[in-house]
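K.L.:
This is my_file.txt (compact mmCIF, C-alpha atoms).
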```txt
# COMPACT_ATOMS: atom_id res chain seq x y z
CA MET A 23 81.08 156.13 114.33
CA ALA A 24 81.95 159.63 113.09
CA LYS A 25 85.58 160.42 112.20
CA GLN A 26 87.59 161.33 115.31
CA ALA A 27 90.08 164.25 114.87
CA LEU A 28 93.19 164.68 117.06
CA ASN A 29 93.06 167.72 119.36
CA LEU A 30 96.43 169.41 118.65
CA GLY A 31 95.97 172.07 121.33
CA THR A 32 96.42 175.85 121.00
CA ALA A 33 100.23 175.87 120.84
CA ALA A 34 103.01 173.32 120.95
CA ASN A 35 103.48 171.66 124.32
CA ASP A 36 100.85 173.83 126.01
CA ASN A 37 99.13 170.75 127.51
CA THR A 38 95.76 171.72 125.92
CA GLY A 39 95.62 168.96 123.19
CA ASP A 40 95.02 165.21 123.37
CA THR A 41 97.47 163.10 125.31
CA LEU A 42 99.55 160.60 123.37
CA ARG A 43 97.31 157.81 124.65
CA ALA A 44 94.07 159.60 123.78
CA GLY A 45 95.40 160.55 120.35
CA GLY A 46 96.57 157.00 119.68
CA ASP A 47 93.18 155.66 120.74
CA LYS A 48 91.43 157.94 118.23
CA ILE A 49 93.81 156.80 115.48
CA ASN A 50 93.18 153.15 116.34
CA ASP A 51 89.39 153.69 116.37
CA ASN A 52 89.49 155.39 112.96
CA PHE A 53 91.57 152.56 111.46
CA THR A 54 89.35 149.92 113.08
CA GLU A 55 86.26 151.44 111.45
CA LEU A 56 87.98 151.61 108.05
CA TYR A 57 89.19 147.98 108.23
CA THR A 58 85.73 146.85 109.30
CA ALA A 59 84.03 148.77 106.49
CA ILE A 60 86.30 147.57 103.68
CA GLY A 61 87.59 144.36 105.21
CA ASN A 62 87.07 141.77 107.91
CA GLY A 63 88.41 143.92 110.77
CA SER A 64 91.95 142.66 110.41
CA ASN A 65 92.65 142.86 106.68
CA THR A 66 91.24 144.99 103.90
CA GLN A 67 89.11 143.16 101.28
CA LEU A 68 89.46 145.81 98.62
CA SER A 69 92.08 145.87 95.87
CA VAL A 70 92.40 148.44 93.09
CA ALA A 71 95.58 147.03 91.60
CA ASN A 72 95.88 146.87 87.79
CA PRO A 73 92.33 147.91 86.78
CA ALA A 74 91.38 148.08 83.09
CA VAL A 75 89.20 150.75 81.50
CA GLY A 76 85.50 150.06 82.10
CA GLN A 77 86.03 147.48 84.86
CA VAL A 78 84.17 147.56 88.19
CA LEU A 79 85.02 146.40 91.70
CA ARG A 80 83.47 142.96 92.04
CA TYR A 81 83.26 140.64 95.04
CA ASN A 82 84.83 137.22 94.42
CA GLY A 83 83.75 135.71 97.75
CA THR A 84 86.64 137.08 99.78
CA SER A 85 87.66 140.44 98.28
CA PHE A 86 86.58 143.23 95.93
CA LEU A 87 88.84 143.19 92.85
CA PRO A 88 88.84 145.05 89.50
CA SER A 89 86.83 142.82 87.13
CA ASP A 90 84.69 142.87 84.00
CA PHE A 91 80.92 143.07 84.59
CA THR A 92 80.03 139.67 83.10
CA ASN A 93 76.75 138.59 84.70
CA LEU A 94 73.64 140.00 86.34
CA THR A 95 72.43 139.00 89.78
CA ALA A 96 69.06 140.75 89.40
CA ALA A 97 66.79 142.12 86.66
CA LEU A 98 68.33 144.97 84.66
CA ASP A 99 66.16 148.11 84.33
CA VAL A 100 67.46 150.22 81.44
CA ASN A 101 65.12 153.05 82.53
CA ASN A 102 64.25 154.09 78.96
CA ASN A 103 67.90 153.95 77.85
CA SER A 104 69.38 151.90 75.00
CA ILE A 105 71.87 149.06 74.80
CA ILE A 106 74.34 150.05 72.06
CA SER A 107 77.66 148.89 70.67
CA SER A 108 80.58 151.03 69.62
CA SER A 109 82.74 150.90 66.49
CA ASN A 110 80.04 149.10 64.46
CA GLY A 111 80.27 146.12 66.79
CA ASN A 112 77.64 143.41 67.03
CA ILE A 113 75.22 142.95 69.95
CA ALA A 114 74.96 139.21 70.65
CA VAL A 115 72.27 137.64 72.84
CA ALA A 116 73.04 133.94 73.31
CA ALA A 117 71.28 131.44 75.61
CA ASN A 118 73.35 128.68 77.19
CA GLY A 119 72.88 125.18 75.79
CA THR A 120 69.20 124.48 75.07
CA GLY A 121 67.95 127.61 76.85
CA ASP A 122 65.35 129.79 75.13
CA ILE A 123 65.50 133.52 74.43
CA THR A 124 62.19 135.26 75.16
CA LEU A 125 61.02 138.76 74.26
CA ALA A 126 57.96 140.07 76.10
CA ALA A 127 56.00 143.20 75.18
CA GLY A 128 52.38 144.18 75.56
CA GLY A 129 51.55 141.00 77.47
CA ILE A 130 52.79 138.77 74.60
CA THR A 131 55.92 136.62 74.97
CA SER A 132 57.78 135.50 71.85
CA THR A 133 60.21 132.61 72.17
CA PHE A 134 63.38 131.80 70.26
CA GLY A 135 63.45 128.06 70.93
CA GLY A 136 66.67 126.51 72.13
CA THR A 137 65.42 123.01 73.01
CA THR A 138 63.90 121.79 69.74
CA GLY A 139 65.73 124.09 67.34
CA GLU A 140 62.46 124.61 65.49
CA GLY A 141 62.88 128.37 65.27
CA ILE A 142 60.84 131.26 66.64
CA ASP A 143 57.39 131.12 68.25
CA LEU A 144 55.63 134.47 67.73
CA PRO A 145 52.13 134.05 69.26
CA THR A 146 50.80 137.30 67.84
CA THR A 147 50.51 139.30 64.63
CA VAL A 148 53.80 139.85 62.80
CA LYS A 149 54.19 142.69 60.33
CA TYR A 150 57.07 142.39 57.92
CA LYS A 151 58.07 143.24 54.33
CA ASN A 152 59.39 140.55 52.00
CA GLU A 153 59.45 142.50 48.75
CA TYR A 154 62.61 142.76 46.64
CA THR A 155 63.52 145.04 43.75
CA SER A 156 64.27 142.06 41.49
CA LEU A 157 64.14 138.27 41.53
CA ALA A 158 67.93 138.13 41.62
CA ALA A 159 68.00 140.21 44.82
CA ALA A 160 65.93 137.64 46.77
CA PRO A 161 67.62 135.03 49.02
CA ALA A 162 68.88 131.92 47.25
CA ALA A 163 66.54 128.92 47.16
CA ALA A 164 69.16 126.48 48.46
CA SER A 165 70.12 128.72 51.39
CA TYR A 166 66.59 129.73 52.48
CA PRO A 167 64.17 126.86 51.72
CA GLY A 168 60.52 127.61 52.50
CA TYR A 169 61.10 131.38 52.15
CA TYR A 170 58.10 133.32 50.73
CA PHE A 171 58.62 136.67 49.00
CA THR A 172 57.38 139.05 46.32
CA VAL A 173 59.13 141.17 43.71
CA ASP A 174 58.24 144.80 43.09
CA GLY A 175 56.30 145.09 39.83
CA ASP A 176 55.73 141.31 39.52
CA ASP A 177 52.10 140.13 39.89
CA ASN A 178 53.08 136.71 41.20
CA PRO A 179 54.59 135.79 44.59
CA TYR A 180 57.39 133.22 44.91
CA VAL A 181 58.51 130.54 47.37
CA ASN A 182 61.89 128.83 47.70
CA ILE A 183 61.17 125.11 47.52
CA ASN A 184 62.84 121.79 46.75
CA ILE A 185 60.97 120.17 43.84
CA THR A 186 61.49 116.40 43.52
CA ALA A 187 59.50 115.97 40.28
CA GLY A 188 61.79 115.86 37.27
CA GLY A 189 64.87 116.33 39.45
CA VAL A 190 64.35 120.11 39.60
CA GLY A 191 65.77 120.41 43.14
CA ASP A 192 66.04 123.79 44.90
CA THR A 193 64.20 126.43 42.93
CA ARG A 194 62.05 129.54 43.15
CA ALA A 195 58.52 128.44 42.37
CA THR A 196 55.91 130.92 41.13
CA LEU A 197 52.66 130.89 43.14
CA LEU A 198 49.32 131.46 41.44
CA THR A 199 46.87 134.11 42.68
CA GLN A 200 43.54 135.42 41.44
CA TYR A 201 45.55 137.72 39.16
CA SER A 202 47.68 134.94 37.61
CA SER A 203 47.22 133.29 34.22
CA ILE A 204 46.55 129.56 34.09
CA ASN A 205 49.30 129.40 31.50
CA LEU A 206 51.86 129.69 34.33
CA LEU A 207 51.26 125.99 35.12
CA ASN A 208 53.96 123.81 33.55
CA ASP A 209 51.48 121.41 31.94
CA VAL A 210 49.16 124.08 30.47
CA ASP A 211 49.81 125.74 27.08
CA THR A 212 47.44 128.50 25.99
CA THR A 213 50.13 130.34 24.03
CA THR A 214 50.86 128.04 21.11
CA SER A 215 47.15 127.85 20.28
CA VAL A 216 45.22 130.82 21.71
CA PRO A 217 41.77 129.74 23.01
CA THR A 218 38.59 130.98 21.40
CA LEU A 219 35.12 131.55 22.87
CA ASN A 220 33.54 128.51 24.63
CA GLN A 221 36.59 126.29 24.22
CA VAL A 222 37.82 124.10 27.09
CA LEU A 223 41.18 122.68 28.15
CA LYS A 224 41.82 119.18 26.84
CA TRP A 225 44.63 116.75 27.60
CA ASN A 226 46.65 115.96 24.50
CA GLY A 227 48.79 113.33 26.18
CA SER A 228 51.40 115.70 27.63
CA THR A 229 49.78 119.13 28.04
CA TRP A 230 46.40 120.79 28.62
CA VAL A 231 45.59 122.80 25.49
CA PRO A 232 42.49 124.70 24.23
CA GLY A 233 39.93 122.65 22.28
CA ASP A 234 36.25 122.56 21.33
CA ASP A 235 33.93 121.17 24.03
CA VAL A 236 32.40 118.43 21.82
CA ALA A 237 35.21 117.83 19.35
CA GLY A 238 35.06 114.21 18.13
CA VAL A 239 31.87 113.35 20.13
CA SER A 240 28.71 112.49 18.18
CA SER A 241 26.38 112.05 21.19
CA ILE A 242 26.48 112.54 24.98
CA ASN A 243 24.71 110.66 27.78
CA VAL A 244 23.09 113.00 30.29
CA PHE A 245 24.54 111.02 33.22
CA GLN A 246 27.10 108.27 33.57
CA THR A 247 26.65 106.71 37.02
CA ILE A 248 24.42 107.71 39.91
CA ALA A 249 24.87 106.08 43.30
CA ALA A 250 22.32 105.97 46.13
CA ASP A 251 22.56 104.93 49.78
CA THR A 252 22.20 101.40 48.42
CA GLY A 253 22.84 100.47 44.78
CA ASN A 254 23.74 102.57 41.74
CA THR A 255 22.87 102.83 38.06
CA THR A 256 24.79 103.67 34.89
CA ALA A 257 23.40 105.29 31.76
CA ASN A 258 23.80 102.93 28.80
CA SER A 259 21.88 104.81 26.14
CA GLN A 260 20.79 108.32 25.21
CA THR A 261 17.20 107.40 26.03
CA ASP A 262 17.83 106.07 29.55
CA THR A 263 15.34 107.25 32.18
CA LEU A 264 16.31 107.94 35.78
CA THR A 265 13.44 107.13 38.14
CA ILE A 266 13.24 108.91 41.51
CA ALA A 267 11.19 106.69 43.84
CA GLY A 268 10.08 107.47 47.37
CA GLY A 269 10.82 105.17 50.29
CA THR A 270 9.05 104.63 53.60
CA ASN A 271 6.89 107.67 54.37
CA ILE A 272 8.38 109.47 51.33
CA THR A 273 6.55 110.48 48.14
CA THR A 274 7.99 112.09 45.02
CA THR A 275 6.31 114.28 42.40
CA VAL A 276 7.68 115.58 39.09
CA SER A 277 6.15 118.70 37.60
CA GLY A 278 7.94 120.19 34.61
CA ASP A 279 11.61 120.47 35.57
CA THR A 280 10.90 120.28 39.32
CA VAL A 281 11.16 117.18 41.52
CA THR A 282 9.32 117.50 44.86
CA VAL A 283 10.10 115.11 47.71
CA ASP A 284 7.50 115.01 50.51
CA PHE A 285 7.41 113.32 53.90
CA SER A 286 4.14 111.41 54.28
CA GLY A 287 4.68 109.98 57.76
CA THR A 288 3.90 111.36 61.22
CA LEU A 289 6.32 113.85 62.74
CA THR A 290 7.34 113.76 66.39
CA THR A 291 6.00 117.02 67.74
CA THR A 292 6.69 116.76 71.47
CA PHE A 293 9.95 116.66 73.36
CA ALA A 294 8.74 113.74 75.50
CA ASN A 295 8.27 111.51 72.43
CA LEU A 296 11.94 111.70 71.41
CA THR A 297 13.86 108.46 71.91
CA ASP A 298 16.64 110.01 74.03
CA THR A 299 14.56 112.01 76.54
CA ASP A 300 13.21 111.14 79.98
CA THR A 301 10.82 113.84 81.20
CA THR A 302 9.92 112.08 84.44
CA GLY A 303 9.29 114.72 87.13
CA LEU A 304 9.81 117.62 84.71
CA THR A 305 7.71 120.66 85.70
CA GLN A 306 7.45 124.28 84.63
CA GLY A 307 10.76 126.16 85.00
CA ASP A 308 12.90 123.00 85.30
CA ASN A 309 16.15 122.47 83.40
CA ILE A 310 17.44 119.34 81.67
CA TYR A 311 20.95 117.94 81.10
CA TRP A 312 22.59 115.05 79.21
CA ASN A 313 23.46 112.21 81.61
CA GLY A 314 25.38 110.22 79.02
CA THR A 315 22.32 108.28 77.87
CA ASP A 316 19.31 110.59 77.89
CA TRP A 317 18.22 114.17 78.42
CA VAL A 318 16.81 114.20 81.95
CA ARG A 319 15.62 116.66 84.59
CA THR A 320 18.46 118.23 86.60
CA PRO A 321 18.39 117.40 90.33
CA GLY A 322 16.21 120.07 91.94
CA GLY A 323 15.23 121.31 88.47
CA SER A 324 17.67 124.22 88.74
CA PRO A 325 20.36 125.30 86.24
CA MET A 326 23.30 122.86 86.26
CA LEU A 327 27.03 123.45 85.81
CA TRP A 328 29.32 120.48 85.19
CA TYR A 329 32.89 120.12 86.48
CA GLU A 330 35.35 117.36 85.58
CA LEU A 331 37.74 116.13 88.32
CA GLY A 332 41.15 114.56 87.82
CA ALA A 333 44.61 114.26 89.36
CA PRO A 334 48.14 115.14 88.12
CA VAL A 335 50.02 112.34 86.37
CA GLU A 336 53.33 113.11 88.08
CA ASN A 337 51.87 113.06 91.65
CA SER A 338 48.27 111.93 91.76
CA SER A 339 47.86 112.61 95.49
CA SER A 340 49.02 116.25 95.48
CA ASP A 341 46.07 118.13 93.95
CA TYR A 342 42.68 117.83 92.32
CA LEU A 343 42.66 118.96 88.68
CA ILE A 344 39.31 120.68 88.08
CA ASN A 345 37.94 121.95 84.77
CA GLY A 346 34.57 123.49 84.05
CA PRO A 347 32.64 126.76 83.68
CA GLY A 348 34.57 129.83 84.81
CA LEU A 349 37.93 128.04 84.97
CA PRO A 350 40.67 128.51 82.35
CA ALA A 351 41.70 125.68 80.06
CA GLY A 352 44.58 123.49 81.19
CA GLU A 353 45.55 122.24 84.64
CA ASN A 354 43.67 124.00 87.46
CA ARG A 355 45.20 122.63 90.67
CA ASP A 356 42.87 122.85 93.69
CA PRO A 357 41.21 126.06 92.42
CA THR A 358 38.85 128.11 94.56
CA LEU A 359 35.28 127.44 93.33
CA TYR A 360 32.36 129.88 93.38
CA VAL A 361 28.83 128.47 93.48
CA TYR A 362 25.39 130.11 93.52
CA ARG A 363 22.65 129.27 95.96
CA GLY A 364 19.79 127.50 94.19
CA PHE A 365 22.00 126.26 91.31
CA THR A 366 22.92 122.61 90.79
CA TYR A 367 26.54 121.51 90.28
CA ALA A 368 27.79 118.14 89.02
CA PHE A 369 31.29 117.03 90.06
CA ASP A 370 32.29 114.18 87.73
CA ASN A 371 34.91 112.08 89.53
CA THR A 372 34.34 108.98 87.39
CA VAL A 373 38.01 108.67 86.30
CA GLU A 374 39.74 109.19 89.68
CA GLY A 375 36.92 108.49 92.16
CA GLY A 376 38.18 105.07 93.21
CA GLY A 377 41.46 106.48 94.50
CA HIS A 378 40.38 110.05 95.29
CA PRO A 379 36.83 110.20 96.77
CA PHE A 380 35.47 113.76 96.58
CA ARG A 381 33.63 115.25 99.57
CA ILE A 382 32.20 118.68 100.42
CA GLN A 383 32.87 119.74 104.02
CA SER A 384 32.01 122.55 106.42
CA THR A 385 35.48 122.31 108.00
CA GLN A 386 38.90 121.60 106.49
CA GLY A 387 41.10 118.51 106.60
CA LEU A 388 40.74 114.76 106.30
CA SER A 389 38.69 114.71 109.51
CA GLY A 390 36.56 117.70 108.48
CA THR A 391 32.78 117.64 108.92
CA ALA A 392 30.96 116.44 105.79
CA TYR A 393 28.38 118.82 104.33
CA THR A 394 25.76 116.75 102.42
CA THR A 395 22.70 118.98 102.27
CA GLY A 396 21.23 119.08 98.76
CA GLN A 397 23.47 116.28 97.45
CA THR A 398 22.72 113.13 95.47
CA GLY A 399 24.99 110.72 93.64
CA SER A 400 28.44 109.79 94.92
CA GLY A 401 31.84 111.40 95.42
CA THR A 402 33.47 108.40 93.72
CA THR A 403 31.41 108.75 90.53
CA ILE A 404 29.25 111.86 89.96
CA LEU A 405 28.19 114.04 92.89
CA TYR A 406 25.14 116.26 92.23
CA TRP A 407 24.72 119.23 94.58
CA THR A 408 21.84 121.71 94.57
CA VAL A 409 23.22 124.52 96.75
CA PRO A 410 20.74 125.27 99.57
CA LEU A 411 19.64 128.86 100.03
CA ASP A 412 20.91 128.71 103.62
CA ALA A 413 24.29 127.18 102.77
CA PRO A 414 27.31 128.66 104.63
CA SER A 415 29.27 131.32 102.77
CA THR A 416 32.43 129.19 102.86
CA LEU A 417 32.71 125.45 102.40
CA TYR A 418 35.56 123.15 101.44
CA TYR A 419 36.21 120.20 99.15
CA GLN A 420 38.51 117.37 100.22
CA CYS A 421 39.83 114.02 98.98
CA THR A 422 38.97 111.71 101.86
CA LEU A 423 42.22 109.77 101.36
CA HIS A 424 44.81 112.51 100.70
CA ALA A 425 45.17 115.66 102.82
CA GLN A 426 46.79 117.77 100.09
CA MET A 427 43.88 117.35 97.65
CA GLN A 428 41.60 120.11 98.97
CA GLY A 429 40.27 123.57 98.21
CA THR A 430 37.78 126.29 99.11
CA ILE A 431 34.18 126.76 97.88
CA ASN A 432 32.77 130.29 98.14
CA VAL A 433 28.95 130.34 98.20
CA VAL A 434 27.31 133.47 96.80
```
As structure tokens, please, write out the structure in this file.
P.N.:
Amino acid sequence: MAKQALNLGTAANDNTGDTLRAGGDKINDNFTELYTAIGNGSNTQLSVANPAVGQVLRYNGTSFLPSDFTNLTAALDVNNNSIISSSNGNIAVAANGTGDITLAAGGITSTFGGTTGEGIDLPTTVKYKNEYTSLAAAPAAASYPGYYFTVDGDDNPYVNINITAGGVGDTRATLLTQYSSINLLNDVDTTTSVPTLNQVLKWNGSTWVPGDDVAGVSSINVFQTIAADTGNTTANSQTDTLTIAGGTNITTTVSGDTVTVDFSGTLTTTFANLTDTDTTGLTQGDNIYWNGTDWVRTPGGSPMLWYELGAPVENSSSDYLINGPGLPAGENRDPTLYVYRGFTYAFDNTVEGGGHPFRIQSTQGLSGTAYTTGQTGSGTTILYWTVPLDAPSTLYYQCTLHAQMQGTINVV
């Protein structure tokens, strides 16, 4: 209703304005509309008493009162603006209880875990700088265990770690790189006695130190112990001879410094002669697949795709779980399947077949019409289906015991 104004007439008491009744009716109508708009028709539901700076009018279930804006009822769109604090104040983002804090950008969601307390899950590349001007400027080992960092001008990185050996405790350990000296290891000393050409490190009882390769050794056996698939031998003199003997269908030949091992038996040269193949019925253009025991011809000889069927643990009669080519990893509940005419598909229901028989149908529902053309095997174990060229464009799959376990098959 538009606002109604009182007609005051042209002059006082000239009988050209609204009557007292008509004027009062307009006043009542105006007040009725106001009380309906900001109240329940009888009382106003709007109070502006004692507001504080920055407060908003907020509905408490019965009235609009001055209040702080403390929670969102829908997603907040900052529209390219910033969330800032004044007077050097902090900006705190805190989840309630075990709730997580997630940050999503570029299709990647990073999670600050609140349930396990195990820290931050950043499932993408993280670029950061952990270089300090000096070792003293880096975080303390006791306060930040596991912290990796580098120091400007120092060739070696460091990690804060608790060392149990020798009671060292919390410390900054130096990490070795391809640019480090072996002398950085606590049990290596190449400083007291500087190594010379061709020397090796030798254990002196407490430390690895430089020494001659053959110091104190008058003779060396070429080998100590050699082990074979069965048996072994140990050199017990400088003149020991190691004999390399061939086994079944194997011959060996030594010429100069070269040992040649030859196979003298008969090689299997055809696929059919392998011990784990069954080529029965195999013709030109056919495909083979592994049936769990042998490589055999696919039903119909066409390309085969294999799908595994299962059921959810929490409610095994609610959905089929299907995994196979074209479907993402994880739980795919009653997904829509796409099959090609002329291709063969295997639906392996071995695990759940006893309680969830799998059937392909031309109509939906428990009482739907079974579609069996091109099928072999069983819906309770493995169902093989070579899709006929004249198959309908849309078929359905159904658990014959549970109405909810069903889905659509698009034939292309």
K.L.:
Which neighbours of segment 177-194 of chain A fall inside 10 Å, counting only C-alpha atoms, when residues of the same chain fewer than 4 positions from it are skipped, and could you give them as JSON, numbers by chain?
P.N.:
{"A": [153, 157, 160, 161, 162, 163, 164, 165, 166, 167, 168, 169, 170, 171, 172, 173, 198, 199, 200, 201, 202, 203, 206]}
K.L.:
Considering only C-alpha atoms, state which residue in the set A:Asn118, A:Thr84, A:Thr261, A:Thr385 is at the smallest distance from Leu68 of chain A.
P.N.:
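Ranked by minimum distance to Leu68 of chain A, first place goes to A:Thr84.
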K.L.:
What's the separation between atom CA of Leu327 of chain A and atom CA of Gly376 of chain A, in Å to one decimal place?
P.N.:
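A separation of 22.7 Å between them.
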K.L.:
Compile the contact shell of Thr275 of chain A as a PyMOL selection string: residues with an atom at most 9 Å away, counting all atoms listed in the file, same-chain residues fewer than 4 positions apart removed.
P.N.:
chain A and resi 266+280-284
K.L.:
Could you work out how far atom CA of Asn337 of chain A lies from atom CA of Val361 of chain A, giving the answer in Å with one decimal?
P.N.:
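Computing the Euclidean distance for atom CA of Val361 of chain A and atom CA of Asn337 of chain A yields 27.8 Å.
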K.L.:
Do you know which residues are at most 10 Å from segment 128-144 of chain A counting only C-alpha atoms, after dropping those on the same chain fewer than 3 positions away, and could you put them as a list in words?
P.N.:
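Everything that qualifies: Ala116, Ala117, Asn118, Gly119, Thr120, Gly121, Asp122, Ile123, Thr124, Leu125, Thr147 and Val148 of chain A.
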K.L.:
Could you take the residues named above and write them with C-alpha atoms, as a CSV table (one decimal), in the coordinates of the input?
P.N.:
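Saved as result28.csv:
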```
chain,number,residue,atom,x,y,z
A,116,ALA,CA,73.0,133.9,73.3
A,117,ALA,CA,71.3,131.4,75.6
A,118,ASN,CA,73.4,128.7,77.2
A,119,GLY,CA,72.9,125.2,75.8
A,120,THR,CA,69.2,124.5,75.1
A,121,GLY,CA,68.0,127.6,76.8
A,122,ASP,CA,65.4,129.8,75.1
A,123,ILE,CA,65.5,133.5,74.4
A,124,THR,CA,62.2,135.3,75.2
A,125,LEU,CA,61.0,138.8,74.3
A,147,THR,CA,50.5,139.3,64.6
A,148,VAL,CA,53.8,139.8,62.8
```
K.L.:
So which one's closest to Asp356 of chain A, A:Thr291, A:Gln426, A:Gln386, A:Asn112? Using all atoms listed in the file, please.
P.N.:
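Answer, going by the shortest atom-to-atom distance: A:Gln426.
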K.L.:
Using only C-alpha atoms for the distances, tell me which of A:Gly175, A:Pro334, A:Gly39, A:Gly387 is nearest to Thr422 of chain A.
P.N.:
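Among the listed residues, A:Gly387 lies closest to Thr422 of chain A.
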K.L.:
Have a look at atom CA of Thr229 of chain A and atom CA of Asp176 of chain A and let me know their distance in Å, one decimal.
P.N.:
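Result for atom CA of Thr229 of chain A versus atom CA of Asp176 of chain A: 25.7 Å, one decimal.
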K.L.:
So, counting only C-alpha atoms, which residue among A:Gln383, A:Thr416, A:Asn345, A:Ser277 is closest to Val433 of chain A?
P.N.:
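Of A:Gln383, A:Thr416, A:Asn345, A:Ser277, the one nearest Val433 of chain A, counting only C-alpha atoms, is A:Thr416.
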K.L.:
Excluding segment 399-415 of chain A and any residue of its chain fewer than 5 positions from it, enumerate the residues within 6 Å of it, using all atoms listed in the file, and give them as JSON, numbers by chain.
P.N.:
{"A": [363, 364, 365, 366, 367, 368, 369, 370, 371, 372, 375, 376, 379, 380, 381, 432, 433]}
K.L.:
Just to be explicit: take each residue in the selection above, keep C-alpha atoms, and write the result as a short mmCIF file (atom, residue, chain, number, x, y, z; two decimals), in the coordinates of the input.
P.N.:
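part_26.cif was written with the following content:
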```cif
data_model
loop_
_atom_site.label_atom_id
_atom_site.label_comp_id
_atom_site.auth_asym_id
_atom_site.auth_seq_id
_atom_site.Cartn_x
_atom_site.Cartn_y
_atom_site.Cartn_z
CA ARG A 363 22.65 129.27 95.96
CA GLY A 364 19.79 127.50 94.19
CA PHE A 365 22.00 126.26 91.31
CA THR A 366 22.92 122.61 90.79
CA TYR A 367 26.54 121.51 90.28
CA ALA A 368 27.79 118.14 89.02
CA PHE A 369 31.29 117.03 90.06
CA ASP A 370 32.29 114.18 87.73
CA ASN A 371 34.91 112.08 89.53
CA THR A 372 34.34 108.98 87.39
CA GLY A 375 36.92 108.49 92.16
CA GLY A 376 38.18 105.07 93.21
CA PRO A 379 36.83 110.20 96.77
CA PHE A 380 35.47 113.76 96.58
CA ARG A 381 33.63 115.25 99.57
CA ASN A 432 32.77 130.29 98.14
CA VAL A 433 28.95 130.34 98.20
#
```
K.L.:
Can you work out which one of A:Gly314, A:Gly269, A:Gly332, A:Gly45 has the shortest atom-to-atom distance to Val373 of chain A, counting all atoms listed in the file?
P.N.:
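The shortest atom-to-atom distance to Val373 of chain A comes from A:Gly332.
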K.L.:
Excluding Ser286 of chain A and residues on its chain fewer than 6 positions from it, collect all residues at most 9 Å away from it, counting only C-alpha atoms, and give them as a list in words.
P.N.:
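Using only C-alpha atoms, the neighbours found are Thr270, Asn271, Ile272 and Thr273 of chain A.
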K.L.:
Between A:Pro347, A:Pro357, A:Pro88, A:Pro217, which is the closest to Tyr419 of chain A once you count all atoms listed in the file?
P.N.:
A:Pro357
